[in-house]
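Worksheet for the structure shown next.
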Amino acid sequence: MKKDPQIGVIGVGNVLVGDDGVGIAVVELLRSGSLPKNVSIIDMGTGGLGLIHALAKLDVAVIVDAVDFGGCPGETRCFSPGDVRSLKESTGLSTHECDLLNAIELSKELGELPETILIFAIQPAKMGSGTGLSPPLKSRLPEFAKEVRHMVTDMDNT
């Protein structure tokens, strides 16, 4: 009997930096809905290297994050870490400052990378100090949560 894969939906971002908190808002919405029993909702916040520990426990990870890919505010894209490279400049490596792709690479080097990682990217409208999402993202939160819910439900059924 094949065991169900452990699927994690991981919200990352900083709620104090405008739209950077959209990943956290999406996973909070997902908590209130129904998901298969083998799906975990993880609020990673600005956990940095803590992401490595979260990934180690999963077979499949869907990371929800604000990503500036040059799209229209609220536009979404889904890709794997191998499809992109980071342009973020890091001032150093600390437990609170770790580029998402660097954390995934470290997880791979430690042999703790899930079989599948997908990044559900949401184009931000504003990034800067201040709480709350911009209107284009806030109005689409239910839609983002629905898309992610469909992704993990489809993964669970394969």
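Each chain of the structure tokens is named A, B, ... in the order shown, its residues numbered from 1; ligands are numbered from 1 in display order.
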
For this session: Please return as a ChimeraX atom specification: the residues of chain A that backbone DSSP assigns to helix (DSSP H, G or I).
Result: /A:18-31,50-56,81-83,100-109,135-138,141-156

Closest-contact table, range 44-147 of chain A side, partner range 4-18 of chain A, 8 Å, counting only C-alpha atoms, as JSON lines:
{"residue": "A:Met44", "atom": "CA", "partner": "A:Val12", "partner_atom": "CA", "distance": 5.1}
{"residue": "A:Gly45", "atom": "CA", "partner": "A:Val12", "partner_atom": "CA", "distance": 4.7}
{"residue": "A:Thr46", "atom": "CA", "partner": "A:Gly13", "partner_atom": "CA", "distance": 5.5}
{"residue": "A:Gly47", "atom": "CA", "partner": "A:Val12", "partner_atom": "CA", "distance": 7.8}
{"residue": "A:Lys57", "atom": "CA", "partner": "A:Gln6", "partner_atom": "CA", "distance": 7.6}
{"residue": "A:Leu58", "atom": "CA", "partner": "A:Gln6", "partner_atom": "CA", "distance": 5.1}
{"residue": "A:Asp59", "atom": "CA", "partner": "A:Gln6", "partner_atom": "CA", "distance": 5.1}
{"residue": "A:Val60", "atom": "CA", "partner": "A:Ile7", "partner_atom": "CA", "distance": 4.7}
{"residue": "A:Ala61", "atom": "CA", "partner": "A:Gly8", "partner_atom": "CA", "distance": 4.8}
{"residue": "A:Val62", "atom": "CA", "partner": "A:Val9", "partner_atom": "CA", "distance": 4.8}
{"residue": "A:Ile63", "atom": "CA", "partner": "A:Ile10", "partner_atom": "CA", "distance": 4.7}
{"residue": "A:Val64", "atom": "CA", "partner": "A:Gly11", "partner_atom": "CA", "distance": 4.9}
{"residue": "A:Asp65", "atom": "CA", "partner": "A:Val12", "partner_atom": "CA", "distance": 5.5}
{"residue": "A:Ala66", "atom": "CA", "partner": "A:Gly13", "partner_atom": "CA", "distance": 7.2}
{"residue": "A:Lys126", "atom": "CA", "partner": "A:Gly18", "partner_atom": "CA", "distance": 6.2}
{"residue": "A:Met127", "atom": "CA", "partner": "A:Gly18", "partner_atom": "CA", "distance": 5.2}
{"residue": "A:Gly128", "atom": "CA", "partner": "A:Val17", "partner_atom": "CA", "distance": 4.8}
{"residue": "A:Ser129", "atom": "CA", "partner": "A:Val17", "partner_atom": "CA", "distance": 4.6}
{"residue": "A:Gly130", "atom": "CA", "partner": "A:Leu16", "partner_atom": "CA", "distance": 5.4}
{"residue": "A:Thr131", "atom": "CA", "partner": "A:Leu16", "partner_atom": "CA", "distance": 4.7}
{"residue": "A:Gly132", "atom": "CA", "partner": "A:Gly18", "partner_atom": "CA", "distance": 5.4}
{"residue": "A:Leu133", "atom": "CA", "partner": "A:Gly18", "partner_atom": "CA", "distance": 5.3}
{"residue": "A:Ser134", "atom": "CA", "partner": "A:Gly18", "partner_atom": "CA", "distance": 7.0}

For this session: Measuring atom to atom with only C-alpha atoms, identify which of A:Cys72, A:Leu35, A:Leu113, A:Ile42 is nearest to Met151 in chain A.
Result: A:Leu35

Exercise. Out of range 19-154 of chain A, which residues get strand (DSSP E) from DSSP, as a ChimeraX atom specification?
Worked result: /A:39-45,60-66,76-79,116-122

Problem set entry | Nearest to Glu147 in chain A, chosen from A:Leu30, A:Ile117, A:Leu101, A:Leu106, with only C-alpha atoms counted in the distances |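 Smallest separation from Glu147 in chain A among the options: A:Leu30.
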
Exercise. Which of these residues is nearest to Pro142 in chain A, using only C-alpha atoms: A:Lys3, A:Leu55, A:Gly33, A:Gly21?
Worked result: A:Gly33

Exercise. To one decimal place, how far is CA of Leu137 in chain A from CA of Ala54 in chain A in Å?
Worked result: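 Going from CA of Leu137 in chain A over to CA of Ala54 in chain A, I get 26.1 Å.
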
Problem set entry | Best match for closeness to Val22 in chain A among A:Leu118, A:Leu141, A:Val152, A:Leu100, counting only C-alpha atoms |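 Smallest separation from Val22 in chain A among the options: A:Leu141.
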